[in-house]
>>> print(open('my_file-v7.cif').read())   # mmCIF, C-alpha atoms
data_upload
loop_
_atom_site.label_atom_id
_atom_site.label_comp_id
_atom_site.auth_asym_id
_atom_site.auth_seq_id
_atom_site.Cartn_x
_atom_site.Cartn_y
_atom_site.Cartn_z
CA MET E 1 -139.95 226.50 5.32
CA ASN E 2 -137.14 224.13 4.34
CA PHE E 3 -138.84 220.87 3.43
CA ILE E 4 -135.76 218.67 3.85
CA GLU E 5 -134.93 220.17 7.25
CA GLU E 6 -138.54 219.62 8.31
CA LEU E 7 -138.37 215.92 7.42
CA LYS E 8 -134.93 215.49 9.00
CA TRP E 9 -135.92 216.49 12.53
CA ARG E 10 -139.04 214.36 12.21
CA GLY E 11 -136.90 211.29 11.39
CA MET E 12 -138.54 210.89 7.97
CA ILE E 13 -135.50 210.61 5.69
CA GLN E 14 -133.52 207.43 5.10
CA ASP E 15 -132.10 208.00 1.61
CA ILE E 16 -132.05 211.07 -0.61
CA THR E 17 -130.42 211.81 -3.95
CA PRO E 18 -127.87 214.66 -4.14
CA GLY E 19 -129.37 218.00 -5.11
CA THR E 20 -132.86 217.31 -3.69
CA GLU E 21 -132.62 219.97 -1.00
CA GLU E 22 -131.24 222.51 -3.46
CA GLN E 23 -134.13 221.77 -5.85
CA THR E 24 -136.83 222.22 -3.19
CA ASN E 25 -135.19 225.41 -1.92
CA LYS E 26 -134.81 226.85 -5.43
CA GLU E 27 -138.42 226.82 -6.70
CA LEU E 28 -141.94 225.48 -6.34
CA THR E 29 -141.42 221.77 -7.01
CA THR E 30 -143.87 218.98 -7.84
CA ALA E 31 -143.49 215.60 -6.12
CA TYR E 32 -145.51 212.40 -6.05
CA VAL E 33 -146.15 209.39 -3.85
CA GLY E 34 -147.71 206.18 -5.16
CA ILE E 35 -150.77 204.63 -3.47
CA ASP E 36 -152.19 201.15 -4.00
CA PRO E 37 -155.88 201.46 -5.03
CA THR E 38 -156.90 197.82 -4.41
CA ALA E 39 -159.19 198.91 -1.53
CA ASP E 40 -161.68 201.77 -1.24
CA SER E 41 -159.90 203.13 1.83
CA LEU E 42 -156.44 204.06 2.96
CA HIS E 43 -155.05 202.43 6.09
CA ILE E 44 -152.57 204.01 8.49
CA GLY E 45 -149.68 202.33 6.70
CA HIS E 46 -150.36 204.82 3.88
CA LEU E 47 -150.16 207.77 6.25
CA VAL E 48 -146.36 208.05 6.17
CA GLY E 49 -146.42 208.84 2.44
CA VAL E 50 -149.48 211.06 2.86
CA MET E 51 -147.73 213.04 5.61
CA MET E 52 -144.67 213.48 3.39
CA LEU E 53 -146.98 215.06 0.80
CA LYS E 54 -148.66 217.11 3.54
CA HIS E 55 -145.34 218.54 4.74
CA PHE E 56 -144.32 219.08 1.12
CA GLN E 57 -147.43 221.15 0.42
CA ASN E 58 -147.10 222.95 3.74
CA CYS E 59 -143.65 224.10 2.59
CA GLY E 60 -145.19 225.66 -0.53
CA HIS E 61 -144.72 222.80 -3.02
CA LYS E 62 -147.18 220.84 -5.18
CA PRO E 63 -148.09 217.28 -4.16
CA LEU E 64 -149.36 214.56 -6.50
CA ALA E 65 -151.01 211.40 -5.19
CA LEU E 66 -150.67 208.66 -7.78
CA VAL E 67 -153.06 205.73 -7.52
CA GLY E 68 -151.65 202.68 -9.25
CA GLY E 69 -154.68 201.75 -11.31
CA ALA E 70 -152.57 200.03 -13.97
CA THR E 71 -151.06 197.74 -11.37
CA GLY E 72 -154.50 197.06 -9.94
CA MET E 73 -155.68 195.93 -13.37
CA ILE E 74 -152.99 193.24 -13.65
CA GLY E 75 -153.25 192.09 -10.05
CA ASP E 76 -150.74 191.61 -7.28
CA PRO E 77 -147.52 190.28 -8.84
CA SER E 78 -145.92 189.24 -5.56
CA GLY E 79 -146.75 185.56 -5.97
CA LYS E 80 -147.80 185.40 -2.33
CA SER E 81 -151.47 184.88 -3.10
CA THR E 82 -153.00 182.12 -5.16
CA GLU E 83 -155.96 184.32 -6.00
CA ARG E 84 -154.90 187.37 -7.99
CA ASN E 85 -156.37 190.62 -6.83
CA MET E 86 -157.73 191.78 -10.20
CA LEU E 87 -159.92 194.84 -10.39
CA ASP E 88 -162.08 196.14 -13.21
CA GLU E 89 -162.04 199.81 -14.20
CA LYS E 90 -165.31 200.59 -12.42
CA SER E 91 -163.95 199.25 -9.11
CA LEU E 92 -160.69 201.15 -9.57
CA ARG E 93 -162.52 204.44 -10.23
CA HIS E 94 -164.69 203.86 -7.16
CA ASN E 95 -161.63 203.17 -5.01
CA GLN E 96 -159.89 206.23 -6.44
CA ASP E 97 -162.82 208.50 -5.53
CA CYS E 98 -162.98 207.11 -1.98
CA ILE E 99 -159.23 207.55 -1.50
CA LYS E 100 -159.37 211.13 -2.78
CA ASN E 101 -162.08 212.00 -0.27
CA GLN E 102 -159.82 210.71 2.51
CA LEU E 103 -156.82 212.60 1.14
CA ARG E 104 -158.83 215.83 1.29
CA LYS E 105 -158.51 215.63 5.07
CA PHE E 106 -154.75 216.01 4.70
CA LEU E 107 -154.12 217.80 1.40
CA ASP E 108 -155.54 220.98 -0.14
CA PHE E 109 -157.04 220.22 -3.58
CA ASP E 110 -158.11 223.83 -4.25
CA SER E 111 -157.22 224.17 -7.95
CA ARG E 112 -156.99 227.97 -7.68
CA LYS E 113 -153.73 227.64 -5.75
CA PRO E 114 -150.43 227.09 -7.60
CA ASN E 115 -149.47 224.30 -5.22
CA SER E 116 -152.87 222.59 -5.12
CA ALA E 117 -152.80 218.82 -4.64
CA GLU E 118 -153.75 216.58 -7.56
CA MET E 119 -154.65 212.94 -7.87
CA VAL E 120 -153.45 211.03 -10.93
CA ASN E 121 -154.00 207.42 -12.00
CA ASN E 122 -151.36 205.59 -14.02
CA TYR E 123 -154.10 203.56 -15.69
CA ASP E 124 -154.92 206.72 -17.67
CA TRP E 125 -151.56 206.71 -19.47
CA MET E 126 -150.93 202.96 -19.44
CA LYS E 127 -154.28 201.61 -20.72
CA ASP E 128 -153.55 202.37 -24.41
CA TYR E 129 -149.79 201.77 -24.29
CA THR E 130 -149.00 198.58 -26.21
CA PHE E 131 -146.41 196.11 -24.98
CA LEU E 132 -144.34 196.51 -28.15
CA ASN E 133 -144.28 200.29 -27.83
CA PHE E 134 -143.39 200.05 -24.17
CA ILE E 135 -140.37 197.78 -24.66
CA ARG E 136 -139.25 199.89 -27.65
CA ASP E 137 -139.67 203.30 -25.99
CA ILE E 138 -138.81 202.44 -22.39
CA GLY E 139 -137.17 199.02 -22.15
CA LYS E 140 -134.21 199.90 -24.38
CA HIS E 141 -133.10 202.70 -22.05
CA ILE E 142 -132.59 200.51 -18.96
CA THR E 143 -130.21 197.54 -19.16
CA VAL E 144 -130.87 194.18 -17.53
CA ASN E 145 -127.55 194.64 -15.72
CA TYR E 146 -128.89 197.84 -14.14
CA MET E 147 -132.15 196.15 -13.11
CA MET E 148 -130.28 193.14 -11.70
CA SER E 149 -128.13 195.40 -9.52
CA LYS E 150 -131.10 196.44 -7.37
CA ASP E 151 -131.04 194.92 -3.88
CA SER E 152 -134.69 193.87 -4.13
CA VAL E 153 -133.88 191.87 -7.28
CA LYS E 154 -130.58 190.47 -5.97
CA LYS E 155 -132.26 189.00 -2.90
CA ARG E 156 -134.82 187.15 -4.99
CA PHE E 157 -132.20 185.77 -7.38
CA SER E 158 -129.91 184.69 -4.57
CA GLY E 159 -132.40 182.12 -3.35
CA GLU E 160 -134.61 184.18 -1.01
CA GLY E 161 -138.23 183.42 -1.75
CA GLU E 162 -139.61 181.54 -4.73
CA GLY E 163 -137.73 183.30 -7.48
CA MET E 164 -139.05 186.25 -9.44
CA SER E 165 -141.69 186.42 -12.13
CA PHE E 166 -141.24 188.48 -15.31
CA THR E 167 -143.99 190.81 -14.05
CA GLU E 168 -142.13 191.49 -10.81
CA PHE E 169 -138.83 191.93 -12.59
CA THR E 170 -140.26 194.53 -14.97
CA TYR E 171 -142.27 196.33 -12.30
CA GLN E 172 -139.46 198.83 -11.74
CA LEU E 173 -139.74 199.76 -15.43
CA VAL E 174 -143.48 200.37 -15.09
CA GLN E 175 -142.92 202.55 -12.01
CA GLY E 176 -140.01 204.25 -13.75
CA TYR E 177 -142.30 205.10 -16.67
CA ASP E 178 -144.83 206.64 -14.25
CA TYR E 179 -142.12 209.01 -13.06
CA LEU E 180 -141.07 209.78 -16.65
CA TRP E 181 -144.69 210.52 -17.66
CA LEU E 182 -145.21 212.81 -14.68
CA TYR E 183 -141.86 214.51 -15.34
CA GLN E 184 -142.87 215.21 -18.95
CA ASN E 185 -146.53 216.05 -18.37
CA LYS E 186 -146.69 217.47 -14.83
CA ASN E 187 -143.15 218.84 -14.43
CA CYS E 188 -142.72 216.42 -11.51
CA LYS E 189 -139.11 216.34 -10.32
CA LEU E 190 -139.31 214.37 -7.08
CA GLN E 191 -140.67 210.95 -6.15
CA MET E 192 -141.05 209.97 -2.50
CA GLY E 193 -141.93 206.72 -0.75
CA GLY E 194 -140.84 204.10 1.75
CA SER E 195 -137.28 202.83 1.80
CA ASP E 196 -138.38 199.55 0.18
CA GLN E 197 -139.17 201.63 -2.94
CA TRP E 198 -135.68 203.10 -3.33
CA GLY E 199 -134.72 200.78 -6.18
CA ASN E 200 -137.91 201.44 -8.16
CA ILE E 201 -137.74 205.19 -7.59
CA THR E 202 -134.11 205.53 -8.67
CA THR E 203 -134.91 203.52 -11.81
CA GLY E 204 -137.29 206.38 -12.61
CA THR E 205 -134.63 209.03 -12.07
CA GLU E 206 -132.24 207.05 -14.28
CA LEU E 207 -134.86 206.63 -17.01
CA ILE E 208 -135.50 210.40 -17.03
CA ARG E 209 -131.77 211.07 -17.27
CA ARG E 210 -131.20 208.58 -20.10
CA LYS E 211 -134.32 209.35 -22.15
CA CYS E 212 -134.63 213.11 -21.63
CA GLY E 213 -131.29 214.20 -20.26
CA GLY E 214 -133.30 215.63 -17.38
CA GLU E 215 -132.58 215.76 -13.67
CA ALA E 216 -135.02 214.19 -11.23
CA PHE E 217 -134.75 213.37 -7.54
CA ALA E 218 -135.64 210.67 -5.02
CA LEU E 219 -136.38 210.69 -1.30
CA VAL E 220 -137.44 207.77 0.88
CA CYS E 221 -138.35 207.52 4.55
CA PRO E 222 -137.55 204.61 6.88
CA LEU E 223 -140.09 201.82 7.06
CA ILE E 224 -142.08 202.39 10.23
CA THR E 225 -141.93 199.54 12.71
CA LYS E 226 -143.06 199.15 16.29
CA ALA E 227 -140.55 199.12 19.14
CA ASP E 228 -141.18 195.40 19.67
CA GLY E 229 -140.34 194.70 16.02
CA GLY E 230 -143.95 194.17 14.98
CA LYS E 231 -145.47 195.62 11.83
CA PHE E 232 -146.81 199.14 12.24
CA GLY E 233 -150.57 199.48 11.80
CA LYS E 234 -151.33 195.79 12.13
CA THR E 235 -153.52 194.46 14.94
CA GLU E 236 -155.08 191.08 15.65
CA SER E 237 -158.12 192.18 13.69
CA GLY E 238 -156.04 193.40 10.71
CA ASN E 239 -155.26 196.85 9.31
CA ILE E 240 -156.31 200.09 10.96
CA TRP E 241 -158.34 201.76 8.19
CA LEU E 242 -159.32 205.40 7.75
CA ASP E 243 -162.83 204.35 6.70
CA ALA E 244 -165.12 204.38 9.75
CA GLU E 245 -167.00 201.36 8.37
CA LYS E 246 -163.79 199.30 8.34
CA THR E 247 -162.26 200.61 11.56
CA SER E 248 -164.56 202.50 13.91
CA PRO E 249 -163.44 205.91 15.22
CA TYR E 250 -163.28 204.34 18.69
CA HIS E 251 -160.88 201.58 17.58
CA PHE E 252 -158.90 204.14 15.56
CA TYR E 253 -158.56 206.34 18.66
CA GLN E 254 -157.67 203.33 20.81
CA PHE E 255 -154.88 202.27 18.44
CA TRP E 256 -152.98 205.52 18.99
CA LEU E 257 -153.86 205.68 22.69
CA ASN E 258 -152.36 202.21 23.23
CA CYS E 259 -149.03 202.85 21.49
CA SER E 260 -145.91 202.29 23.58
CA ASP E 261 -143.99 205.30 24.92
CA ALA E 262 -141.10 204.64 22.52
CA ASP E 263 -143.42 204.39 19.52
CA SER E 264 -145.42 207.46 20.52
CA GLU E 265 -142.27 209.57 20.71
CA LYS E 266 -141.54 208.55 17.11
CA TYR E 267 -145.11 208.77 15.82
CA ILE E 268 -145.79 212.25 17.24
CA LYS E 269 -143.12 213.58 14.87
CA ILE E 270 -144.26 211.62 11.82
CA PHE E 271 -148.04 211.71 11.95
CA THR E 272 -148.85 215.18 13.26
CA MET E 273 -148.15 218.70 12.04
CA PHE E 274 -147.10 219.87 15.49
CA PRO E 275 -144.06 222.17 15.22
CA LYS E 276 -140.73 221.12 16.73
CA GLU E 277 -141.06 223.16 19.92
CA VAL E 278 -144.52 221.70 20.64
CA VAL E 279 -143.29 218.14 20.03
CA GLU E 280 -140.29 218.65 22.32
CA LYS E 281 -142.56 220.08 25.04
CA LEU E 282 -144.94 217.11 24.79
CA ILE E 283 -142.06 214.63 24.97
CA SER E 284 -140.63 216.41 28.01
CA GLU E 285 -144.00 216.55 29.80
CA HIS E 286 -144.65 212.90 29.04
CA ALA E 287 -141.27 211.87 30.48
CA GLU E 288 -142.17 213.51 33.80
CA VAL E 289 -145.54 211.74 34.20
CA PRO E 290 -145.68 208.82 31.73
CA ASN E 291 -148.74 207.33 33.43
CA LEU E 292 -150.81 210.25 32.08
CA ARG E 293 -149.98 209.09 28.51
CA ILE E 294 -149.60 212.69 27.30
CA LEU E 295 -147.96 211.69 23.99
CA GLN E 296 -150.52 208.99 23.25
CA ARG E 297 -153.44 211.29 23.96
CA ALA E 298 -151.99 214.06 21.79
CA LEU E 299 -151.55 211.58 18.94
CA ALA E 300 -154.98 210.01 19.34
CA ASN E 301 -156.73 213.38 19.58
CA ASP E 302 -154.96 214.96 16.60
CA LEU E 303 -155.38 212.04 14.20
CA THR E 304 -158.92 211.09 15.18
CA ILE E 305 -160.10 214.68 14.73
CA ARG E 306 -158.32 214.95 11.36
CA VAL E 307 -159.63 211.65 10.00
CA HIS E 308 -163.08 211.37 11.60
CA GLY E 309 -163.98 214.87 12.77
CA GLU E 310 -164.54 216.48 16.17
CA GLN E 311 -167.89 214.80 16.88
CA ALA E 312 -166.62 211.25 16.28
CA HIS E 313 -163.48 212.07 18.27
CA GLN E 314 -165.53 213.23 21.26
CA LYS E 315 -167.58 210.03 21.13
CA ALA E 316 -164.35 208.02 21.14
CA VAL E 317 -163.06 209.99 24.15
CA ASP E 318 -166.38 209.55 25.99
CA ALA E 319 -166.38 205.83 25.19
CA THR E 320 -162.84 205.49 26.53
CA GLU E 321 -163.84 207.24 29.75
CA ILE E 322 -166.75 204.83 30.16
CA LEU E 323 -164.46 201.83 30.19
CA PHE E 324 -161.44 203.29 31.97
CA GLY E 325 -162.66 206.32 33.88
CA LYS E 326 -165.58 207.68 35.81
CA ALA E 327 -168.56 207.90 33.50
CA THR E 328 -172.28 208.45 33.90
CA LYS E 329 -175.37 206.67 32.65
CA GLU E 330 -176.01 209.69 30.44
CA ALA E 331 -172.64 209.27 28.71
CA LEU E 332 -173.38 205.58 28.23
CA SER E 333 -176.82 206.35 26.75
CA ASN E 334 -175.30 208.84 24.31
CA LEU E 335 -173.15 206.19 22.62
CA ASP E 336 -174.37 204.93 19.27
CA GLU E 337 -174.82 201.17 19.08
CA GLN E 338 -171.62 200.46 17.11
CA THR E 339 -169.41 202.45 19.49
CA PHE E 340 -171.15 200.82 22.46
CA LEU E 341 -170.40 197.36 21.04
CA ASP E 342 -166.83 198.38 20.21
CA VAL E 343 -166.23 199.48 23.80
CA PHE E 344 -167.51 196.23 25.27
CA GLU E 345 -166.13 193.94 22.61
CA GLY E 346 -165.14 190.59 24.13
CA VAL E 347 -167.18 191.13 27.31
CA GLU E 348 -169.09 188.04 28.46
CA THR E 349 -172.65 188.23 27.10
CA PHE E 350 -175.96 186.79 28.24
CA GLU E 351 -179.25 186.76 26.35
CA ILE E 352 -182.72 187.13 27.79
CA SER E 353 -186.14 187.95 26.38
CA LYS E 354 -187.76 191.34 26.81
CA THR E 355 -190.82 189.58 28.23
CA ASP E 356 -188.59 188.33 31.08
CA ILE E 357 -187.93 191.85 32.30
CA THR E 358 -191.38 193.41 32.40
CA SER E 359 -190.88 193.58 36.17
CA LEU E 360 -187.93 191.47 37.30
CA ASN E 361 -186.31 191.48 40.73
CA ILE E 362 -182.61 192.36 40.54
CA VAL E 363 -181.53 189.19 42.37
CA ASP E 364 -183.43 186.95 39.94
CA PHE E 365 -181.96 188.95 37.05
CA LEU E 366 -178.37 188.50 38.28
CA ALA E 367 -178.54 184.87 39.43
CA GLU E 368 -181.28 183.10 37.46
CA LYS E 369 -181.87 184.85 34.17
CA THR E 370 -178.22 185.63 33.45
CA GLN E 371 -175.99 183.64 35.86
CA ILE E 372 -173.78 186.70 36.35
CA TYR E 373 -173.67 185.45 39.94
CA ALA E 374 -173.57 181.75 40.78
CA SER E 375 -176.36 181.98 43.36
CA LYS E 376 -178.97 184.32 44.74
CA GLY E 377 -177.08 184.46 48.03
CA GLU E 378 -173.91 185.63 46.27
CA ALA E 379 -175.90 188.25 44.36
CA ARG E 380 -177.50 189.55 47.58
CA ARG E 381 -174.13 189.83 49.32
CA ALA E 382 -172.71 191.84 46.39
CA LEU E 383 -175.73 194.13 46.39
CA LYS E 384 -175.48 194.73 50.15
CA GLU E 385 -171.81 195.60 49.73
CA ASN E 386 -172.74 198.16 47.05
CA GLY E 387 -170.69 196.17 44.51
CA VAL E 388 -173.11 196.04 41.57
CA SER E 389 -173.86 198.69 38.94
CA ILE E 390 -176.41 198.61 36.14
CA ASN E 391 -175.64 201.00 33.28
CA LYS E 392 -173.03 202.75 35.46
CA GLU E 393 -175.43 203.36 38.36
CA LYS E 394 -175.31 201.52 41.69
CA VAL E 395 -178.27 199.22 42.42
CA ASN E 396 -179.61 197.50 45.56
CA GLU E 397 -181.87 194.57 46.45
CA GLN E 398 -184.99 196.66 45.89
CA THR E 399 -184.15 197.43 42.24
CA ILE E 400 -186.65 196.11 39.68
CA ILE E 401 -185.38 195.53 36.14
CA THR E 402 -187.73 196.78 33.40
CA PRO E 403 -187.37 197.46 29.65
CA ASP E 404 -186.52 201.06 30.58
CA PHE E 405 -183.05 199.80 31.56
CA CYS E 406 -182.27 198.86 27.95
CA LEU E 407 -179.59 200.95 26.21
CA ASN E 408 -180.14 201.38 22.47
CA GLY E 409 -183.37 199.46 23.13
CA LYS E 410 -181.64 196.11 23.67
CA TYR E 411 -178.59 196.13 25.99
CA ILE E 412 -178.12 196.18 29.74
CA LEU E 413 -174.62 196.71 31.09
CA VAL E 414 -173.81 195.02 34.40
CA GLN E 415 -170.65 195.83 36.34
CA LYS E 416 -169.19 193.80 39.22
CA GLY E 417 -166.66 195.76 41.22
CA LYS E 418 -164.52 198.23 39.29
CA LYS E 419 -163.56 196.43 36.10
CA GLN E 420 -165.66 193.31 35.54
CA TYR E 421 -168.35 193.91 32.92
CA TYR E 422 -171.18 191.78 31.53
CA LEU E 423 -173.46 192.59 28.63
CA VAL E 424 -177.06 191.43 28.63
CA ASN E 425 -178.61 191.29 25.17
CA VAL E 426 -182.38 191.72 25.46
CA ARG E 427 -184.19 190.02 22.57
CA GLY E 428 -187.59 190.88 21.18
#
>>> encode(input="my_file-v7.cif", output="structure tokens")
Amino acid sequence: MNFIEELKWRGMIQDITPGTEEQTNKELTTAYVGIDPTADSLHIGHLVGVMMLKHFQNCGHKPLALVGGATGMIGDPSGKSTERNMLDEKSLRHNQDCIKNQLRKFLDFDSRKPNSAEMVNNYDWMKDYTFLNFIRDIGKHITVNYMMSKDSVKKRFSGEGEGMSFTEFTYQLVQGYDYLWLYQNKNCKLQMGGSDQWGNITTGTELIRRKCGGEAFALVCPLITKADGGKFGKTESGNIWLDAEKTSPYHFYQFWLNCSDADSEKYIKIFTMFPKEVVEKLISEHAEVPNLRILQRALANDLTIRVHGEQAHQKAVDATEILFGKATKEALSNLDEQTFLDVFEGVETFEISKTDITSLNIVDFLAEKTQIYASKGEARRALKENGVSINKEKVNEQTIITPDFCLNGKYILVQKGKKQYYLVNVRG
């Protein structure tokens, strides 16, 4: 497969140095993408770079995932935070191990294969490198004029932002040295990343040319944004993480399911391995019946299965059906507590004691103990009209509420009409 052609039709190339396609067509090539290790999980913002490596390996080449441990040790140099995000080596190693486990879901780390994925940490080659040696061996090869010509530097010097610290200014040298080290020690000839990294990446190619007389290449993809201009992967509650403890499989599934049509048409190319003919068929089918959300479901299914596995994916699908489709009490009972709470997040909640429901008439439960209805008369009318469900089953005036109604031992779900839910938290 032609790697560059694969990325082109997927809309994943913004800038590329001359000769990159010839290099990847000529021989097995090694490429790397940098990943920030300041958390013990990737979020979906990292997935663009990870998918570039995935496609790269799928085309027969060798991917390297570089975690920036050295940068993590000195903290975030952006100046945007008053508290520097400094990590000790133990934390960095922990984060690195967690990230590698997540990358295994996308990349093949089988060392017996010539194009097996590897993870490298720039802390390993930077920790014993003295400042004096660095400016002697590396700094002399890149002029200040060259560094000042980068757009990212120009903007900061032209009055945008609060100026630029020495750390930020020299960051492109540190990243350039990463590329040089990997070129010399791992025969790495291509660095990939987001378009905001173009300046740093090409500093690396220039450093390799000036110090070694070697030829190295650069490729960056467009920064992914939402159709409404918002930041991709950001929600009101923050990042969408790959770690189930940080973002539940249900919320992960829901993120993709709720993407706009325009975004889904873009994301289906970037975040899945579906071949071109399958993607075109999905887009065509979606255009005919957009209300079925064919693109969104294909995205949500593929990514949730890849990241969280088939079992967690099925739970997410079942949970979605409970809220938006026709579901049974059995399906509701099968939800684990966290998924159950995720589904009914934000629903109005009442609290009662378990002793209150040893044998409680449904009308008293709805109107006195919980105030789901304003009066007993209103509750009776709703019951007569068959408008009340408990745990997804219709109830009538003769229903007696007992502890057996509790889901996960402590919740009762009340539904008025088709879409109005209430959660009763049973204490004790």
>>> atom_distance(input="my_file-v7.cif", atom1="CA of Ile4 (chain E)", atom2="CA of Val153 (chain E)")
29.1 Å
>>> atom_distance(input="my_file-v7.cif", atom1="CA of Ile270 (chain E)", atom2="CA of Val48 (chain E)")
7.0 Å
>>> residues_around(input="my_file-v7.cif", residues="region 140-148 of chain E", least_positions_apart="3", cutoff="7 Å", atoms="only C-alpha atoms", output="MDAnalysis selection string")
chainID E and resid 135:137 153:154 207 210:211
>>> resolve_selection(input="my_file-v7.cif", expression="the PyMOL selection byres ((chain E and resi 35) around 10)", output="PDB file with C-alpha atoms, in the coordinates of the input")
ATOM      1  CA  TYR E  32    -145.510 212.400  -6.050  1.00  0.00           C
ATOM      2  CA  VAL E  33    -146.150 209.390  -3.850  1.00  0.00           C
ATOM      3  CA  GLY E  34    -147.710 206.180  -5.160  1.00  0.00           C
ATOM      4  CA  ASP E  36    -152.190 201.150  -4.000  1.00  0.00           C
ATOM      5  CA  PRO E  37    -155.880 201.460  -5.030  1.00  0.00           C
ATOM      6  CA  THR E  38    -156.900 197.820  -4.410  1.00  0.00           C
ATOM      7  CA  LEU E  42    -156.440 204.060   2.960  1.00  0.00           C
ATOM      8  CA  HIS E  46    -150.360 204.820   3.880  1.00  0.00           C
ATOM      9  CA  GLY E  49    -146.420 208.840   2.440  1.00  0.00           C
ATOM     10  CA  VAL E  50    -149.480 211.060   2.860  1.00  0.00           C
ATOM     11  CA  ALA E  65    -151.010 211.400  -5.190  1.00  0.00           C
ATOM     12  CA  LEU E  66    -150.670 208.660  -7.780  1.00  0.00           C
ATOM     13  CA  VAL E  67    -153.060 205.730  -7.520  1.00  0.00           C
ATOM     14  CA  GLY E  68    -151.650 202.680  -9.250  1.00  0.00           C
ATOM     15  CA  GLY E  69    -154.680 201.750 -11.310  1.00  0.00           C
ATOM     16  CA  GLN E  96    -159.890 206.230  -6.440  1.00  0.00           C
ATOM     17  CA  ILE E  99    -159.230 207.550  -1.500  1.00  0.00           C
ATOM     18  CA  ASN E 121    -154.000 207.420 -12.000  1.00  0.00           C
ATOM     19  CA  GLY E 193    -141.930 206.720  -0.750  1.00  0.00           C
TER      20      GLY E 193
END
>>> resolve_selection(input="my_file-v7.cif", expression="the PyMOL selection byres ((chain E and resi 341-351) around 8)", output="list in words")
Ser248, Tyr250, His251, Ala319, Thr320, Leu323, Glu337, Gln338, Thr339, Phe340, Ile352, Ser353, Thr370, Tyr421, Tyr422, Leu423, Val424, Asn425, Val426 and Arg427 of chain E
>>> residues_around(input="my_file-v7.cif", residues="region 241-244 of chain E", least_positions_apart="6", cutoff="7 Å", atoms="only C-alpha atoms", output="VMD selection string")
chain E and resid 41 to 44 307
>>> resolve_selection(input="my_file-v7.cif", expression="the PyMOL selection byres ((chain E and resi 17-22) around 8)", output="number ranges by chain")
E: 3-4, 15-16, 23-26, 190, 217-219
>>> atom_distance(input="my_file-v7.cif", atom1="CA of Glu6 (chain E)", atom2="CA of Gln197 (chain E)")
21.2 Å
>>> build_atoms(input="my_file-v7.cif", residues="region 416-428 of chain E", atoms="N, CA and C atoms", output="short mmCIF file (atom, residue, chain, number, x, y, z; two decimals), keeping the file's coordinate frame")
data_model
loop_
_atom_site.label_atom_id
_atom_site.label_comp_id
_atom_site.auth_asym_id
_atom_site.auth_seq_id
_atom_site.Cartn_x
_atom_site.Cartn_y
_atom_site.Cartn_z
N LYS E 416 -169.55 194.33 37.90
CA LYS E 416 -169.19 193.80 39.22
C LYS E 416 -167.88 194.45 39.64
N GLY E 417 -167.89 195.11 40.78
CA GLY E 417 -166.66 195.76 41.22
C GLY E 417 -166.29 196.89 40.28
N LYS E 418 -164.96 197.09 40.09
CA LYS E 418 -164.52 198.23 39.29
C LYS E 418 -164.36 197.92 37.81
N LYS E 419 -163.97 196.68 37.48
CA LYS E 419 -163.56 196.43 36.10
C LYS E 419 -164.22 195.23 35.42
N GLN E 420 -165.07 194.51 36.14
CA GLN E 420 -165.66 193.31 35.54
C GLN E 420 -167.03 193.64 34.95
N TYR E 421 -167.13 193.55 33.62
CA TYR E 421 -168.35 193.91 32.92
C TYR E 421 -169.04 192.68 32.32
N TYR E 422 -170.36 192.78 32.22
CA TYR E 422 -171.18 191.78 31.53
C TYR E 422 -172.20 192.52 30.68
N LEU E 423 -172.49 191.97 29.52
CA LEU E 423 -173.46 192.59 28.63
C LEU E 423 -174.66 191.66 28.50
N VAL E 424 -175.82 192.20 28.76
CA VAL E 424 -177.06 191.43 28.63
C VAL E 424 -177.78 191.90 27.37
N ASN E 425 -177.95 191.00 26.44
CA ASN E 425 -178.61 191.29 25.17
C ASN E 425 -180.07 190.93 25.32
N VAL E 426 -180.95 191.93 25.25
CA VAL E 426 -182.38 191.72 25.46
C VAL E 426 -183.06 191.53 24.10
N ARG E 427 -183.56 190.34 23.86
CA ARG E 427 -184.19 190.02 22.57
C ARG E 427 -185.67 190.39 22.58
N GLY E 428 -186.14 190.66 21.34
CA GLY E 428 -187.59 190.88 21.18
C GLY E 428 -187.97 192.28 21.50
#
